[in-house]
Protein chains: 4
Amino acid sequence: MAQRPAGTGASRVGTPAQGRELRARGRRTLRRLLDAGVAVFAERGLHAARVDDIVKAAKTSHGTFYLYFANKEDLFRALAVDVAEHMVELASEFPAFTPDGDGRGALRDWLGRFADLYDQYGPVIRAWTEAEIVDSEFGRIGGELVVRFAACLAERIGAAAPDVDPEVAALAIVAMIERSSYYVLSRQLEVGREEMLDTLATVTRAAVYGPA
Amino acid sequence: MAQRPAGTGASRVGTPAQGRELRARGRRTLRRLLDAGVAVFAERGLHAARVDDIVKAAKTSHGTFYLYFANKEDLFRALAVDVAEHMVELASEFPAFTPDGDGRGALRDWLGRFADLYDQYGPVIRAWTEAEIVDSEFGRIGGELVVRFAACLAERIGAAAPDVDPEVAALAIVAMIERSSYYVLSRQLEVGREEMLDTLATVTRAAVYGPA
Amino acid sequence: MAQRPAGTGASRVGTPAQGRELRARGRRTLRRLLDAGVAVFAERGLHAARVDDIVKAAKTSHGTFYLYFANKEDLFRALAVDVAEHMVELASEFPAFTPDGDGRGALRDWLGRFADLYDQYGPVIRAWTEAEIVDSEFGRIGGELVVRFAACLAERIGAAAPDVDPEVAALAIVAMIERSSYYVLSRQLEVGREEMLDTLATVTRAAVYGPA
Amino acid sequence: MAQRPAGTGASRVGTPAQGRELRARGRRTLRRLLDAGVAVFAERGLHAARVDDIVKAAKTSHGTFYLYFANKEDLFRALAVDVAEHMVELASEFPAFTPDGDGRGALRDWLGRFADLYDQYGPVIRAWTEAEIVDSEFGRIGGELVVRFAACLAERIGAAAPDVDPEVAALAIVAMIERSSYYVLSRQLEVGREEMLDTLATVTRAAVYGPA
DNA sequence: TATGAATGAGCCTTCATTCAT
DNA sequence: AATGAATGAAGGCTCATTCAT
C-alpha cells in the first residue's frame with residue numbers, strides 16, 4: 001500500500017521535502033526502507049532502533065535513507081499513517097451488535113481481521129505505546145487513532161448498552177483487544193490464535209450486552 | 001558498583017540483600033533518587049530519561065547516583081520490583097465474583113485501589129510496556145507480573161464463567177483495566193475517575209458473567 | 001563497531017580480515033589515525049592517552065575514530081600487531097654467531113636495524129611493558145612477542161655457548177638490547193647511537209661466547 | 001622499614017602536610033596502607049590502581065587514606081623512595097669483578113639478593129617503567145635510580161673491561177638483570193630461580209670480561 | 001539515485017578528592 | 001583517628017544527520 005509517487009491522491013506516505021516522481025528503482029528502495037522499518041521497530045522498539053539498523057536491513061546506505069525520509073520519525077510517521085488508515089477502515093466495519101448468535105459470528109470474524117492486521121503491523125502499533133509521552137508527536141498520532149477507533153465502536157455500544165458510558169466502554173474494549181493481541185504476539189501469553197479469538201468474542205460481547 | 005543498602009523496613013525499594021546499612025543521610029539520598037526516578041520516568045519514559053535529569057530532580061550529583069545504583073536500569077529495576085510487590089498484593093485481594101449487587105461494589109472498590117496504585121506508579125508500569133522487547137530483562141519482569149496478576153483473576157473467573165478460557169479472559173480484563181487507567185492518566189481519554197471506575201466495574205462484571 | 005578495511009598491500013596495520021575495502025579517502029584517514037596513535041602513545045603512554053588526543057593529532061573527529069577502531073585498545077592492537085611482524089622478521093635475521101671478527105660486524109649491523117625499528121615503533125613497544133599486567137590481552141601479545149623474539153636467538157646461542165640455558169640467556173640478551181634502546185630513546189642515558197651499538201655488540205658477543 | 005614518625009631522621013616516607021607523631025594505631029594503619037599499595041600496584045599497575053582498591057585492601061576508608069597521603073602519587077613515592085634506598089644499598093655492594101672463580105660466586109650471591117628484592121618490590125619497580133613518560137615526576141625518580149644503580153656497576157666495569165663504555169655497559173647489564181627478573185616474576189619465562197641466577201651470573205660475567 | 005565517509009553534540013560512567021560527623 | 005557520603009571534572013562511546021563524489 002505505501003507508495004510514494006508524489007502528487008497522486010493515492011499516496012499515503014510522502015518524501016520529506018521534494019515531491020519528486022519515483023522511478024522503478026526508487027520505488028523499490030523506498031519499499032525496502034519501509035519494510036526494514038517495520039522489521040527493525042519490531043525487533044528493537046522505536047527508541048532503540050537506529051537508522052543504521054534500518055539501512056542495513058534495507059541493504060542501502062545512510063545517505064539514501066535521508067533521500068527518502070527527513071529523519072527516523074518521518075519513517076515512523078509514514079508507517080504509522082499507513083497503519084492508521086487500515087485501522088480506521090477496519091473500525092468502520094465493526095459489526096453491529098445484535099443479541100442473537102449471528103452477531104457473535106460477525107464479531108469473531110472482525111476480531112480475526114484485527115488479529116491479521118496486528119500480525120502485520122503490530123510492531124508499529126506497539127511502538128506507539130512507547131511513544132505515548134504526552135507531548136510528543138507520535139503520542140498524538142497514536143492517541144488520536146485509538147480514540148477514532150474507539151469512536152466507531154462507541155456508536156454501536158451506545159445503542160446496545162445504554163447504562164454505560166459508551167466512549168469509555170469502547171475504549172476499554174479496544175484496549176482489551178489490542179493488548180490481548182499484543183500478549184499473544186509477544187509470546188507472553190501462550191495461547192493459540194483461535195482460542196484467543198473465541199474468548200475475546202465471548203467476553204467482548206458479554207461486556208457490551210451485560211449480564212442478564 | 002556501590003551496593004544498595006539493606007532494607008530498613010519502611011520501604012521495599014532499593015534494598016537488595018547484599019547491601020551495607022545506610023545512615024540517616026544515606027537513606028534520605030536514596031529516597032530522593034527513587035522519587036526522582038518515578039518523576040523522570042513519568043515525564044520522559046525509560047529510554048529518554050537521562051541520569052542527568054534524575055540527579056537534578058534529586059538535587060544530587062552524578063557520582064552520588066552511581067553510589068546507589070549501577071545505572072539507570074538498576075534504578076528502574078528497584079522501582080519495578082517495588083511496584084510488582086504492590087501489584088501482586090493487590091491482585092491477591094481481587095474480590096470473589098458473586099452475581100448479587102454486593103459483588104459489584106467490591107469490584108468497584110478494588111478498581112479504585114488499582115487506580116490509586118496507577119496514579120502513584122503508573123509511570124513505572126507504563127515504562128514496562130516500553131521495555132517489553134521480549135528478551136530484555138525488564139520485559140521479563142513486566143511480563144511475569146502481568147501473568148501473575150492475571151492468574152489471580154483467572155481463579156475467580158474459572159469458577160464464575162466456565163465457558164471461556166479463564167487465563168485468556170483474565171489477561172484480557174487486566175489489559176482493559178490497565179490500559180484504561182493509562183488512557184485516563186495520560187489524558188488521551190477525557191473522562192473523570194469516577195466515570196471510568198463505574199464503567200469498568202460494569203463492563204468487567206458483564207464480561208465475566210456474560211449475558212443472561 | 002565499524003570494521004577496519006582489508007589490507008592494501010602497502011601497510012600491514014589496521015587490516016584485520018573481515019573489513020570492507022576502503023576508498024582513497026578512507027585509507028588516508030586510517031593512516032592519519034595510526035600515525036597519530038604512535039605519536040600520542042609515545043608522548044603519553046597507553047593509559048594516559050585520550051582518544052581526544054589522538055583525533056586531534058589526526059585532525060579528525062571522535063565519530064571517525066570509532067568508525068575505524070572499536071576503542072583505544074583496538075588501535076593499540078593494530079599498531080602492536082604491525083610492530084610484532086616487523087620484530088619477528090628482524091629476529092629471524094639475527095646473525096649466526098662465529099668467533100671471528102665477521103660475526104661482530106654482522107651483529108652490529110643487526111643491532112643497528114633493531115635500533116631503527118625502535119626509533120620508529122619504540123612508543124608502541126614501550127607501551128607494552130605498561131600493559132604487562134599478566135592476564136590482559138596486551139600483556140599476552142607483548143609477552144609472546146618477546147618469547148618468540150628470544151627463541152630465534154636461542155637457536156644460535158645453543159650452538160655457540162653450550163654451558164648456559166640458551167632460552168634464558170637469549171631472553172636476557174633481548175632484555176638488554178630492548179631496554180638499552182629504550183634508555184637511549186627516552187634520554188635517560190645520554191649517549192650516542194653509535195656508542196650504544198658498539199657497546200651492545202661487544203657485550204652481547206662476549207655474553208654469548210663467554211670468557212676465555 | 002617504612003616508618004612514619006615525623007621528625008626523626010630514620011623516617012623514609014612522610015605524611016603529607018602535618019608531621020604529626022603517630023600512635024600505635026596510626027602506625028598500624030599506615031603500614032596497612034603501604035602494604036596494600038604494593039599489592040594493588042602489583043595487581044593493576046600504577047594507572048589502573050584506584051584509591052578505592054587500596055583502601056579496600058587496607059580495610060580502611062577513603063578519608064583515612066588522605067590522612068596519611070596527599071594523593072595516590074604520594075603513596076607511590078613513599079614506596080618508591082623506600083625501594084630506591086634498598087636498591088642503592090644493594091648496588092653499592094656489587095662485588096668487585098675478578099677473573100677467578102670466587103668472583104663468580106660473589107656475583108651469583110649478589111644476584112640472588114637482587115632477586116629477593118625484586119620478589120618483594122617488583123611491582124613498584126615495574127610501575128616505574130610504566131611511569132617513565134619523560135616529564136613525569138615518577139619517571140625521574142625511576143630514571144635516576146637506574147642511573148645511580150648502573151653507576152655503581154660502572155666503576156667496577158671500568159676497571160675490568162677497558163674496551164667498552166662502562167656506563168653503557170653497566171646500564172645494559174642492569175637492564176638485563178631487571179628485565180630477566182621481571183620475566184620470571186610475571187611468568188612470561190617459565191624457568192626456575194636457580195637456573196635464572198646461574199645463567200645471569202655466567203652471562204653477566206662473560207659480558208664484562210669478554211671472550212678469551 | 002546512491003553511497004562511503006565524516007561530524008559532533010549528547011549521554012553514560014568513573015574516580016580522585018573533599019567534607020561532615 | 002576514622003569513616004560514610006558527596007562531588008564533579010574528565011573521558012569514553014553512540015548515533016542522527018550531513019557532505020562530497
# chains A, B, ... in the order shown; residues from 1 in each chain; ligands from 1
call {"tool": "residues_around", "arguments": {"residues": "DT3 of chain F", "least_positions_apart": "6", "cutoff": "10 Å", "atoms": "only C-alpha atoms (C1' of nucleotides)", "output": "list in words"}}
result
Thr60, Ser61, His62, Gly63 and Thr64 of chain D; DT21 of chain E
call {"tool": "residues_around", "arguments": {"residues": "Asp35 of chain C", "least_positions_apart": "3", "cutoff": "12 Å", "atoms": "only C-alpha atoms (C1' of nucleotides)", "output": "PyMOL selection string"}}
result
chain C and resi 13-14+28-32+38-42+54-59+75-76+78-79+120-121+123-124
call {"tool": "residues_around", "arguments": {"residues": "DC15 of chain F", "least_positions_apart": "3", "cutoff": "10 Å", "atoms": "only C-alpha atoms (C1' of nucleotides)", "output": "MDAnalysis selection string"}}
result
(chainID A and resid 50:52) or (chainID C and resid 63) or (chainID E and resid 10)
call {"tool": "closest_residue", "arguments": {"among": "C:Ala154, C:Val184, C:Val164, C:Ala175", "to": "Met196 of chain C", "atoms": "only C-alpha atoms"}}
result
C:Val184
call {"tool": "select_by_dssp", "arguments": {"residues": "segment 67-201 of chain C", "states": "alpha helix (DSSP H)", "output": "NGL selection string"}}
result
:C and (67-68 or 72-92 or 101-130 or 137-160 or 166-185 or 193-201)
call {"tool": "residues_around", "arguments": {"residues": "DA20 of chain F", "least_positions_apart": "4", "cutoff": "12 Å", "atoms": "only C-alpha atoms (C1' of nucleotides)", "output": "list in words"}}
result
Gly63 of chain A; Arg25 of chain C; DT3, DG4, DA5 and DA6 of chain E
call {"tool": "write_last_selection", "arguments": {"atoms": "N, CA and C atoms (P, O5', C5', C4', C3', O3' and C1' of nucleotides)", "output": "compact mmCIF listing (two decimals), in the first residue's frame"}}
result
# COMPACT_ATOMS: atom_id res chain seq x y z
N GLY A 63 22.99 7.73 3.46
CA GLY A 63 22.66 8.81 2.54
C GLY A 63 21.32 8.56 1.86
N ARG C 25 40.14 8.04 0.28
CA ARG C 25 39.97 8.95 1.40
C ARG C 25 40.00 8.19 2.72
P DT E 3 23.25 2.20 -2.50
O5' DT E 3 24.55 2.92 -1.95
C5' DT E 3 25.68 2.97 -2.80
C4' DT E 3 26.79 3.75 -2.13
C3' DT E 3 26.85 3.51 -0.62
O3' DT E 3 28.19 3.34 -0.24
C1' DT E 3 26.88 5.79 -1.06
P DG E 4 28.68 2.09 0.44
O5' DG E 4 30.11 2.62 0.90
C5' DG E 4 31.00 3.05 -0.11
C4' DG E 4 31.83 4.21 0.39
C3' DG E 4 32.45 3.98 1.76
O3' DG E 4 33.78 4.49 1.68
C1' DG E 4 31.13 5.94 1.81
P DA E 5 34.73 4.34 2.89
O5' DA E 5 34.58 5.75 3.60
C5' DA E 5 34.90 6.92 2.84
C4' DA E 5 34.58 8.16 3.62
C3' DA E 5 35.11 8.18 5.05
O3' DA E 5 36.05 9.23 5.14
C1' DA E 5 32.85 8.96 4.94
P DA E 6 36.69 9.58 6.52
O5' DA E 6 35.70 10.70 7.07
C5' DA E 6 35.48 11.85 6.25
C4' DA E 6 34.59 12.81 7.00
C3' DA E 6 35.03 13.09 8.44
O3' DA E 6 35.16 14.48 8.60
C1' DA E 6 32.72 12.49 8.37
call {"tool": "closest_atom_pairs", "arguments": {"of": "chain F", "to": "chain B", "cutoff": "9 Å", "atoms": "only C-alpha atoms (C1' of nucleotides)", "output": "JSON lines"}}
result
{"residue": "F:DG4", "atom": "C1'", "partner": "B:Arg23", "partner_atom": "CA", "distance": 8.1}
{"residue": "F:DA5", "atom": "C1'", "partner": "B:Gly26", "partner_atom": "CA", "distance": 7.1}
{"residue": "F:DA6", "atom": "C1'", "partner": "B:Thr64", "partner_atom": "CA", "distance": 6.3}
{"residue": "F:DT7", "atom": "C1'", "partner": "B:Ser61", "partner_atom": "CA", "distance": 6.5}
{"residue": "F:DG8", "atom": "C1'", "partner": "B:Ser61", "partner_atom": "CA", "distance": 7.5}
call {"tool": "write_last_selection", "arguments": {"atoms": "C-alpha atoms (C1' of nucleotides)", "output": "mmCIF file, in the first residue's frame"}}
result
data_model
loop_
_atom_site.group_PDB
_atom_site.id
_atom_site.type_symbol
_atom_site.label_atom_id
_atom_site.label_comp_id
_atom_site.auth_asym_id
_atom_site.auth_seq_id
_atom_site.Cartn_x
_atom_site.Cartn_y
_atom_site.Cartn_z
ATOM 1 C "C1'" DG F 4 30.451 7.213 55.223
ATOM 2 C "C1'" DA F 5 28.829 10.193 51.937
ATOM 3 C "C1'" DA F 6 29.138 13.540 48.353
ATOM 4 C "C1'" DT F 7 31.152 15.815 44.465
ATOM 5 C "C1'" DG F 8 32.107 16.973 39.571
#
call {"tool": "interface_residues", "arguments": {"of": "chain D", "to": "chain C", "cutoff": "8 Å", "atoms": "only C-alpha atoms", "output": "number ranges by chain"}}
result
D: 43-45, 47, 127, 129-130, 133-134, 143-144, 147, 164-165, 168-169, 171-177, 179-180, 186, 188-189, 191, 195-196, 198-200, 202-212
call {"tool": "write_last_selection", "arguments": {"atoms": "C-alpha atoms", "output": "tab-separated table (two decimals), in the first residue's frame"}}
result
chain	number	residue	atom	x	y	z
D	43	GLU	CA	47.98	-6.42	40.56
D	44	ARG	CA	46.82	-3.48	38.50
D	45	GLY	CA	49.74	-1.26	37.71
D	47	HIS	CA	47.48	3.97	36.45
D	127	ALA	CA	55.36	0.56	37.96
D	129	THR	CA	58.66	1.68	33.82
D	130	GLU	CA	55.01	2.46	33.39
D	133	ILE	CA	56.98	9.20	30.44
D	134	VAL	CA	59.81	11.61	30.47
D	143	GLY	CA	65.29	7.02	35.85
D	144	GLU	CA	67.64	8.45	38.40
D	147	VAL	CA	71.31	5.54	36.55
D	164	VAL	CA	83.69	-0.76	26.39
D	165	ASP	CA	81.94	2.34	27.56
D	168	VAL	CA	76.57	1.96	28.74
D	169	ALA	CA	77.69	-1.49	29.55
D	171	LEU	CA	73.19	0.11	32.13
D	172	ALA	CA	72.82	-2.70	29.66
D	173	ILE	CA	73.63	-5.22	32.33
D	174	VAL	CA	71.26	-3.67	34.81
D	175	ALA	CA	68.59	-3.74	32.16
D	176	MET	CA	69.29	-7.39	31.57
D	177	ILE	CA	69.10	-8.29	35.21
D	179	ARG	CA	64.03	-7.49	32.90
D	180	SER	CA	65.01	-11.07	33.44
D	186	SER	CA	55.49	-12.35	35.61
D	188	GLN	CA	56.48	-14.94	30.89
D	189	LEU	CA	59.59	-17.02	31.21
D	191	VAL	CA	62.24	-21.08	34.43
D	195	GLU	CA	68.60	-21.54	36.65
D	196	MET	CA	67.98	-17.88	36.03
D	198	ASP	CA	73.15	-19.30	37.14
D	199	THR	CA	72.62	-18.09	33.63
D	200	LEU	CA	72.66	-14.45	34.60
D	202	THR	CA	77.54	-16.59	33.64
D	203	VAL	CA	76.34	-14.15	31.04
D	204	THR	CA	76.99	-11.06	33.11
D	205	ARG	CA	80.48	-12.16	33.93
D	206	ALA	CA	81.18	-13.01	30.34
D	207	ALA	CA	79.78	-9.73	29.19
D	208	VAL	CA	82.23	-7.87	31.34
D	209	TYR	CA	85.32	-9.92	30.79
D	210	GLY	CA	84.57	-10.73	27.26
D	211	PRO	CA	85.75	-13.69	25.29
D	212	ALA	CA	89.14	-15.14	25.86
call {"tool": "atom_distance", "arguments": {"atom1": "atom CA of Arg108 of chain D", "atom2": "atom CA of Gly158 of chain D"}}
result
20.1 Å
call {"tool": "decode", "arguments": {"residues": "segment 191-204 of chain B", "atoms": "N, CA and C atoms", "output": "short mmCIF file (atom, residue, chain, number, x, y, z; two decimals), in the first residue's frame"}}
result
data_model
loop_
_atom_site.label_atom_id
_atom_site.label_comp_id
_atom_site.auth_asym_id
_atom_site.auth_seq_id
_atom_site.Cartn_x
_atom_site.Cartn_y
_atom_site.Cartn_z
N VAL B 191 -12.04 11.85 30.68
CA VAL B 191 -13.17 11.36 31.45
C VAL B 191 -12.76 11.33 32.91
N GLY B 192 -13.70 11.54 33.78
CA GLY B 192 -13.38 11.56 35.21
C GLY B 192 -13.12 10.17 35.76
N ARG B 193 -12.43 10.18 36.87
CA ARG B 193 -12.07 8.93 37.51
C ARG B 193 -13.29 8.10 37.86
N GLU B 194 -14.30 8.75 38.42
CA GLU B 194 -15.47 8.00 38.89
C GLU B 194 -16.20 7.34 37.73
N GLU B 195 -16.31 8.10 36.63
CA GLU B 195 -17.00 7.51 35.49
C GLU B 195 -16.24 6.28 34.96
N MET B 196 -14.94 6.46 34.93
CA MET B 196 -14.15 5.34 34.44
C MET B 196 -14.35 4.12 35.33
N LEU B 197 -14.30 4.34 36.63
CA LEU B 197 -14.45 3.21 37.55
C LEU B 197 -15.81 2.56 37.39
N ASP B 198 -16.84 3.39 37.29
CA ASP B 198 -18.19 2.83 37.11
C ASP B 198 -18.27 1.97 35.87
N THR B 199 -17.78 2.55 34.79
CA THR B 199 -17.86 1.81 33.54
C THR B 199 -17.05 0.53 33.59
N LEU B 200 -15.85 0.63 34.11
CA LEU B 200 -15.01 -0.56 34.18
C LEU B 200 -15.67 -1.64 35.05
N ALA B 201 -16.26 -1.22 36.14
CA ALA B 201 -16.91 -2.20 37.03
C ALA B 201 -18.03 -2.91 36.27
N THR B 202 -18.82 -2.12 35.61
CA THR B 202 -19.94 -2.71 34.86
C THR B 202 -19.45 -3.66 33.78
N VAL B 203 -18.53 -3.15 32.99
CA VAL B 203 -18.07 -3.94 31.86
C VAL B 203 -17.32 -5.19 32.32
N THR B 204 -16.48 -5.03 33.30
CA THR B 204 -15.73 -6.18 33.79
C THR B 204 -16.69 -7.26 34.29
#
